[in-house]
Amino acid sequence: MKMPFQQRIPNENEAERAEEWHRGLSLSTRNTCDALEEFLASDTIQVLELKGDWGIGKTYYFQNFLTWAKCKNMLGRLRAYSYVSLFGSVSISSLEASIFTSHEPQGERANDRLASAYKPIKSILDKAGQATIGLRGARFALGTATALIDGLIRKYYIKDFLICFDDIERMSEQVSPSSFLGLVSSLKEQQNCKIVLIYNYDKLSVSNPRLQDAIDEYREKIIDREVSLRPTVEENMAIAWPHQMGRPLSFERVFNISECANIRVMRKARWAIEYFSKILGSQWPNIRDSFQLAVASLTVIYYSRKDLFPDPSSILADDFFKHLAAESQMHRAQYQFISKLGYSPAPHHNMILDFFRHGSVDIDSYKGVLQVNDINERLSRFNHQCDEILSRFGSGFFASHDQVVHELHEFLQQHSGDISIGKAYGAIDFLGQCGVEVDPALLNQAIQSHMDREPQLDPYTLNFSKLPDAVREDIQRRYDAKGASQSISNLMQSLAGSNGWDPDEIRLLRMRTESEWLEWISSFNSYQETTESGEFYSDVFHLVATFLKRFESVTDAEDQATLEKIKGALEQLRARSPVDRLRVEMLFNYMTQNA
């Protein structure tokens, strides 16, 4: 609930701040300010309607205007100011009581007059806690006395007030709309009060259609002036996140492009960005900018565009872009909005939605995907820099030979390990065609970085990179040598736990001899073998049986040779001792039972 605006005699600092606020108004908000000045000065404009969208700062704006107006001595005959939010009010009596309890006298003379007016009813208020009270020799029941007190407050006290009724669209349906408008009319006509009605008219049809109908019916009689508040995005951004607090450019970009001037949404984006800045710290620096853009974008989508995205989490679904390709007008509108923001959905952005739902995030559960995306973001950034240098060659003759060659060579010396292997080889080959000798260590560094990023061989990536056969074969040999150092335990555990087969892991197993298989099967101890996460491997019976069962129908000659090596090792174990014979039989029984 908004707090009532506290009127005090402004000190020098308040006057300076009020003047600064007034100087910073846009043309639109300055026009609203002019209308409010006219409202205060007029003898005929008693009720002003201040409209605007939710969250754009209507209350904030009016309170700042009131401070500025007081500094300029514009309140004139007004004796007191009351701020009343209709949110939660359930009766006209409670509204009248709120006018009384929240009022702030204007100036010392007003204080004297109000204190004098208060004396006739003070004795009645003091007796309000009794079952009955006396008045001029008569006794009244408490309920009747309370009604009398309310009437006396209105008659003797609430006169020449400036009253702001806020959150009208949130008024309880228990309050009669005609009674509320009757109260406004009475304050205007009988008590000579000036009334400001603050609300979002467009939402009335949903939140309180009866009140909307009543306002439309009695508008001409009750409301003297209608004013809409339409602040610029930049104005409200300065309120939600001042420049001096280090506002990110992505924040400004998203809210300007989306034309979202909602201060509440801006503050939610600011709190989310500040939260993630703390928990991410200096880790994963390459995704920092794109992540801030994602936070701002998803905040706007989640809190202010439910019309376009009823289920914001759908944006991060694997098949989201497939749905966007549909002919649905909704899907096209979603795609256009996301594209306009410059936002690209990514799996780790689920943590942003988690924060919106729960107020905190288990960062440990996202570390893996954050690391992968940080590496990819770094790769993408340096690839883009390389493309920009090469574009000077392909976009015209304005860049000299020396400029292009020198800049590209210098870039490769610094970043050959930071770009994709295809891009690195392409740049090296280009320099070679230009007569520049390139250190072979640069290509070697690019290959090693590729292998560090891709622990397993991906032939498609290499083919897509259009590498020459010699380079591709060199990379293949390096992966083979790397794979040869992996234990059979690691490869078998990976294959046994997978729903499919990794061709590279199977290929690495082909290189194992029957003796190696015999040594591994006979020495495997599940209590001594652990994964990187510290979990124990399954027992050898499960590993071998699963592998044999899945592989028994293959037709590839090399894979059949691998099976024969494993079976040969098992036959050697069968012949080694009666205990080992029973173990081998148990293994095949296991295969039969789990067929």
# chains A, B, ... in the order shown; residues from 1 in each chain; ligands from 1
>>> residues_around(residues="stretch 446-456 of chain A", least_positions_apart="4", cutoff="6 Å", atoms="only C-alpha atoms", output="list in words")
Ser416, Gly417 and Ile421 of chain A
>>> residues_around(residues="A:Trp520", least_positions_apart="6", cutoff="10 Å", atoms="only C-alpha atoms", output="MDAnalysis selection string")
chainID A and resid 487:489 514 540 569
>>> write_last_selection(atoms="N, CA, C and O atoms", output="short mmCIF file (atom, residue, chain, number, x, y, z; two decimals), in the first residue's frame")
data_model
loop_
_atom_site.label_atom_id
_atom_site.label_comp_id
_atom_site.auth_asym_id
_atom_site.auth_seq_id
_atom_site.Cartn_x
_atom_site.Cartn_y
_atom_site.Cartn_z
N SER A 487 40.78 -45.04 -19.98
CA SER A 487 40.66 -46.42 -19.50
C SER A 487 39.43 -47.08 -20.09
O SER A 487 38.46 -46.42 -20.46
N ILE A 488 39.49 -48.44 -20.18
CA ILE A 488 38.33 -49.18 -20.63
C ILE A 488 37.16 -48.92 -19.68
O ILE A 488 36.00 -48.85 -20.10
N SER A 489 37.44 -48.74 -18.40
CA SER A 489 36.39 -48.50 -17.41
C SER A 489 35.58 -47.26 -17.77
O SER A 489 34.34 -47.27 -17.75
N GLU A 514 42.85 -58.41 -26.97
CA GLU A 514 42.20 -59.38 -26.09
C GLU A 514 42.87 -59.43 -24.72
O GLU A 514 42.20 -59.59 -23.69
N VAL A 540 31.36 -55.25 -12.88
CA VAL A 540 31.86 -55.65 -14.19
C VAL A 540 30.85 -56.53 -14.94
O VAL A 540 30.78 -56.50 -16.17
N ALA A 569 38.39 -63.17 -24.06
CA ALA A 569 38.88 -62.91 -22.70
C ALA A 569 38.03 -63.66 -21.67
O ALA A 569 38.55 -64.20 -20.69
#
>>> closest_residue(among="A:Lys72, A:Lys51, A:Lys58, A:Arg332", to="A:Glu14", atoms="only C-alpha atoms")
A:Lys72
>>> select_by_dssp(residues="stretch 345-581 of chain A", states="helix (DSSP H, G or I)", output="ChimeraX atom specification")
/A:347-358,363-394,401-415,421-433,440-453,459-464,469-484,488-496,503-510,514-523,540-551,557-576,578-581
>>> residues_around(residues="stretch 467-477 of chain A", least_positions_apart="4", cutoff="12 Å", atoms="only C-alpha atoms", output="PyMOL selection string")
chain A and resi 420-429+440+443-451+454+456-463+481-484+504+507-508
>>> residues_around(residues="A:Pro231", least_positions_apart="3", cutoff="12 Å", atoms="only C-alpha atoms", output="ChimeraX atom specification")
/A:24-33,51-53,55-58,60-61,228,234-239,259-263
>>> decode(residues="stretch 563-579 of chain A", atoms="all heavy atoms", output="PDB file, in the first residue's frame")
ATOM      1  N   LEU A 563      33.809 -57.679 -30.284  1.00  0.00           N
ATOM      2  CA  LEU A 563      33.031 -58.657 -29.510  1.00  0.00           C
ATOM      3  C   LEU A 563      33.806 -59.964 -29.336  1.00  0.00           C
ATOM      4  O   LEU A 563      33.795 -60.556 -28.254  1.00  0.00           O
ATOM      5  CB  LEU A 563      31.699 -58.925 -30.213  1.00  0.00           C
ATOM      6  CG  LEU A 563      30.635 -57.833 -30.137  1.00  0.00           C
ATOM      7  CD1 LEU A 563      29.417 -58.243 -30.948  1.00  0.00           C
ATOM      8  CD2 LEU A 563      30.228 -57.557 -28.711  1.00  0.00           C
ATOM      9  N   GLU A 564      34.451 -60.398 -30.385  1.00  0.00           N
ATOM     10  CA  GLU A 564      35.211 -61.650 -30.296  1.00  0.00           C
ATOM     11  C   GLU A 564      36.363 -61.536 -29.309  1.00  0.00           C
ATOM     12  O   GLU A 564      36.677 -62.495 -28.588  1.00  0.00           O
ATOM     13  CB  GLU A 564      35.730 -62.039 -31.684  1.00  0.00           C
ATOM     14  CG  GLU A 564      34.645 -62.444 -32.667  1.00  0.00           C
ATOM     15  CD  GLU A 564      33.790 -63.589 -32.118  1.00  0.00           C
ATOM     16  OE1 GLU A 564      34.346 -64.552 -31.532  1.00  0.00           O
ATOM     17  OE2 GLU A 564      32.549 -63.514 -32.271  1.00  0.00           O
ATOM     18  N   LYS A 565      36.978 -60.373 -29.223  1.00  0.00           N
ATOM     19  CA  LYS A 565      38.065 -60.166 -28.252  1.00  0.00           C
ATOM     20  C   LYS A 565      37.525 -60.282 -26.829  1.00  0.00           C
ATOM     21  O   LYS A 565      38.155 -60.900 -25.959  1.00  0.00           O
ATOM     22  CB  LYS A 565      38.707 -58.793 -28.450  1.00  0.00           C
ATOM     23  CG  LYS A 565      39.481 -58.625 -29.747  1.00  0.00           C
ATOM     24  CD  LYS A 565      39.940 -57.164 -29.883  1.00  0.00           C
ATOM     25  CE  LYS A 565      40.535 -56.908 -31.256  1.00  0.00           C
ATOM     26  NZ  LYS A 565      40.913 -55.482 -31.434  1.00  0.00           N
ATOM     27  N   ILE A 566      36.349 -59.672 -26.583  1.00  0.00           N
ATOM     28  CA  ILE A 566      35.768 -59.729 -25.233  1.00  0.00           C
ATOM     29  C   ILE A 566      35.392 -61.173 -24.893  1.00  0.00           C
ATOM     30  O   ILE A 566      35.659 -61.658 -23.783  1.00  0.00           O
ATOM     31  CB  ILE A 566      34.542 -58.813 -25.145  1.00  0.00           C
ATOM     32  CG1 ILE A 566      34.948 -57.346 -25.376  1.00  0.00           C
ATOM     33  CG2 ILE A 566      33.871 -58.946 -23.778  1.00  0.00           C
ATOM     34  CD1 ILE A 566      33.793 -56.393 -25.458  1.00  0.00           C
ATOM     35  N   LYS A 567      34.759 -61.867 -25.859  1.00  0.00           N
ATOM     36  CA  LYS A 567      34.371 -63.255 -25.607  1.00  0.00           C
ATOM     37  C   LYS A 567      35.596 -64.139 -25.406  1.00  0.00           C
ATOM     38  O   LYS A 567      35.580 -65.052 -24.571  1.00  0.00           O
ATOM     39  CB  LYS A 567      33.530 -63.773 -26.773  1.00  0.00           C
ATOM     40  CG  LYS A 567      32.149 -63.122 -26.856  1.00  0.00           C
ATOM     41  CD  LYS A 567      31.374 -63.612 -28.070  1.00  0.00           C
ATOM     42  CE  LYS A 567      30.000 -62.961 -28.148  1.00  0.00           C
ATOM     43  NZ  LYS A 567      29.238 -63.390 -29.353  1.00  0.00           N
ATOM     44  N   GLY A 568      36.659 -63.845 -26.159  1.00  0.00           N
ATOM     45  CA  GLY A 568      37.898 -64.603 -25.969  1.00  0.00           C
ATOM     46  C   GLY A 568      38.459 -64.405 -24.575  1.00  0.00           C
ATOM     47  O   GLY A 568      38.946 -65.361 -23.940  1.00  0.00           O
ATOM     48  N   ALA A 569      38.392 -63.168 -24.058  1.00  0.00           N
ATOM     49  CA  ALA A 569      38.875 -62.910 -22.697  1.00  0.00           C
ATOM     50  C   ALA A 569      38.028 -63.656 -21.673  1.00  0.00           C
ATOM     51  O   ALA A 569      38.546 -64.205 -20.686  1.00  0.00           O
ATOM     52  CB  ALA A 569      38.840 -61.404 -22.423  1.00  0.00           C
ATOM     53  N   LEU A 570      36.701 -63.728 -21.922  1.00  0.00           N
ATOM     54  CA  LEU A 570      35.819 -64.449 -21.000  1.00  0.00           C
ATOM     55  C   LEU A 570      36.103 -65.949 -21.021  1.00  0.00           C
ATOM     56  O   LEU A 570      36.046 -66.623 -19.974  1.00  0.00           O
ATOM     57  CB  LEU A 570      34.359 -64.184 -21.372  1.00  0.00           C
ATOM     58  CG  LEU A 570      33.840 -62.753 -21.134  1.00  0.00           C
ATOM     59  CD1 LEU A 570      32.432 -62.601 -21.694  1.00  0.00           C
ATOM     60  CD2 LEU A 570      33.858 -62.399 -19.644  1.00  0.00           C
ATOM     61  N   GLU A 571      36.425 -66.495 -22.212  1.00  0.00           N
ATOM     62  CA  GLU A 571      36.749 -67.924 -22.283  1.00  0.00           C
ATOM     63  C   GLU A 571      38.038 -68.236 -21.529  1.00  0.00           C
ATOM     64  O   GLU A 571      38.169 -69.280 -20.882  1.00  0.00           O
ATOM     65  CB  GLU A 571      36.871 -68.357 -23.746  1.00  0.00           C
ATOM     66  CG  GLU A 571      35.540 -68.405 -24.485  1.00  0.00           C
ATOM     67  CD  GLU A 571      34.554 -69.331 -23.805  1.00  0.00           C
ATOM     68  OE1 GLU A 571      34.932 -70.428 -23.341  1.00  0.00           O
ATOM     69  OE2 GLU A 571      33.371 -68.929 -23.694  1.00  0.00           O
ATOM     70  N   GLN A 572      38.979 -67.318 -21.592  1.00  0.00           N
ATOM     71  CA  GLN A 572      40.216 -67.519 -20.827  1.00  0.00           C
ATOM     72  C   GLN A 572      39.921 -67.527 -19.324  1.00  0.00           C
ATOM     73  O   GLN A 572      40.504 -68.312 -18.567  1.00  0.00           O
ATOM     74  CB  GLN A 572      41.244 -66.433 -21.148  1.00  0.00           C
ATOM     75  CG  GLN A 572      41.837 -66.510 -22.553  1.00  0.00           C
ATOM     76  CD  GLN A 572      42.986 -65.526 -22.738  1.00  0.00           C
ATOM     77  OE1 GLN A 572      43.939 -65.532 -21.961  1.00  0.00           O
ATOM     78  NE2 GLN A 572      42.889 -64.695 -23.772  1.00  0.00           N
ATOM     79  N   LEU A 573      39.004 -66.638 -18.912  1.00  0.00           N
ATOM     80  CA  LEU A 573      38.633 -66.607 -17.496  1.00  0.00           C
ATOM     81  C   LEU A 573      37.880 -67.874 -17.110  1.00  0.00           C
ATOM     82  O   LEU A 573      38.072 -68.429 -16.014  1.00  0.00           O
ATOM     83  CB  LEU A 573      37.752 -65.382 -17.209  1.00  0.00           C
ATOM     84  CG  LEU A 573      38.461 -64.030 -17.131  1.00  0.00           C
ATOM     85  CD1 LEU A 573      37.449 -62.909 -17.058  1.00  0.00           C
ATOM     86  CD2 LEU A 573      39.385 -63.989 -15.916  1.00  0.00           C
ATOM     87  N   ARG A 574      37.013 -68.378 -18.003  1.00  0.00           N
ATOM     88  CA  ARG A 574      36.252 -69.588 -17.727  1.00  0.00           C
ATOM     89  C   ARG A 574      37.187 -70.770 -17.467  1.00  0.00           C
ATOM     90  O   ARG A 574      36.922 -71.626 -16.609  1.00  0.00           O
ATOM     91  CB  ARG A 574      35.336 -69.900 -18.909  1.00  0.00           C
ATOM     92  CG  ARG A 574      34.336 -71.051 -18.641  1.00  0.00           C
ATOM     93  CD  ARG A 574      33.758 -71.558 -19.953  1.00  0.00           C
ATOM     94  NE  ARG A 574      32.976 -70.566 -20.665  1.00  0.00           N
ATOM     95  CZ  ARG A 574      31.660 -70.391 -20.492  1.00  0.00           C
ATOM     96  NH1 ARG A 574      31.003 -71.143 -19.648  1.00  0.00           N
ATOM     97  NH2 ARG A 574      31.029 -69.474 -21.187  1.00  0.00           N
ATOM     98  N   ALA A 575      38.285 -70.784 -18.195  1.00  0.00           N
ATOM     99  CA  ALA A 575      39.223 -71.914 -18.058  1.00  0.00           C
ATOM    100  C   ALA A 575      40.220 -71.727 -16.911  1.00  0.00           C
ATOM    101  O   ALA A 575      40.972 -72.647 -16.569  1.00  0.00           O
ATOM    102  CB  ALA A 575      39.979 -72.100 -19.371  1.00  0.00           C
ATOM    103  N   ARG A 576      40.214 -70.537 -16.319  1.00  0.00           N
ATOM    104  CA  ARG A 576      41.236 -70.255 -15.304  1.00  0.00           C
ATOM    105  C   ARG A 576      40.973 -70.976 -14.000  1.00  0.00           C
ATOM    106  O   ARG A 576      41.899 -71.447 -13.338  1.00  0.00           O
ATOM    107  CB  ARG A 576      41.305 -68.735 -15.069  1.00  0.00           C
ATOM    108  CG  ARG A 576      42.519 -68.316 -14.271  1.00  0.00           C
ATOM    109  CD  ARG A 576      42.686 -66.812 -14.263  1.00  0.00           C
ATOM    110  NE  ARG A 576      41.663 -66.108 -13.488  1.00  0.00           N
ATOM    111  CZ  ARG A 576      41.690 -64.803 -13.234  1.00  0.00           C
ATOM    112  NH1 ARG A 576      42.656 -64.053 -13.754  1.00  0.00           N
ATOM    113  NH2 ARG A 576      40.747 -64.236 -12.521  1.00  0.00           N
ATOM    114  N   SER A 577      39.668 -71.056 -13.573  1.00  0.00           N
ATOM    115  CA  SER A 577      39.353 -71.716 -12.307  1.00  0.00           C
ATOM    116  C   SER A 577      37.864 -71.994 -12.246  1.00  0.00           C
ATOM    117  O   SER A 577      37.076 -71.349 -12.962  1.00  0.00           O
ATOM    118  CB  SER A 577      39.773 -70.848 -11.123  1.00  0.00           C
ATOM    119  OG  SER A 577      38.923 -69.723 -11.013  1.00  0.00           O
ATOM    120  N   PRO A 578      37.451 -72.964 -11.393  1.00  0.00           N
ATOM    121  CA  PRO A 578      36.010 -73.225 -11.242  1.00  0.00           C
ATOM    122  C   PRO A 578      35.226 -71.995 -10.795  1.00  0.00           C
ATOM    123  O   PRO A 578      34.087 -71.777 -11.228  1.00  0.00           O
ATOM    124  CB  PRO A 578      35.966 -74.342 -10.203  1.00  0.00           C
ATOM    125  CG  PRO A 578      37.281 -75.039 -10.344  1.00  0.00           C
ATOM    126  CD  PRO A 578      38.271 -73.949 -10.663  1.00  0.00           C
ATOM    127  N   VAL A 579      35.845 -71.196  -9.924  1.00  0.00           N
ATOM    128  CA  VAL A 579      35.142 -69.987  -9.458  1.00  0.00           C
ATOM    129  C   VAL A 579      34.909 -69.035 -10.621  1.00  0.00           C
ATOM    130  O   VAL A 579      33.821 -68.468 -10.789  1.00  0.00           O
ATOM    131  CB  VAL A 579      35.946 -69.295  -8.339  1.00  0.00           C
ATOM    132  CG1 VAL A 579      35.358 -67.912  -8.030  1.00  0.00           C
ATOM    133  CG2 VAL A 579      35.967 -70.147  -7.086  1.00  0.00           C
TER     134      VAL A 579
END
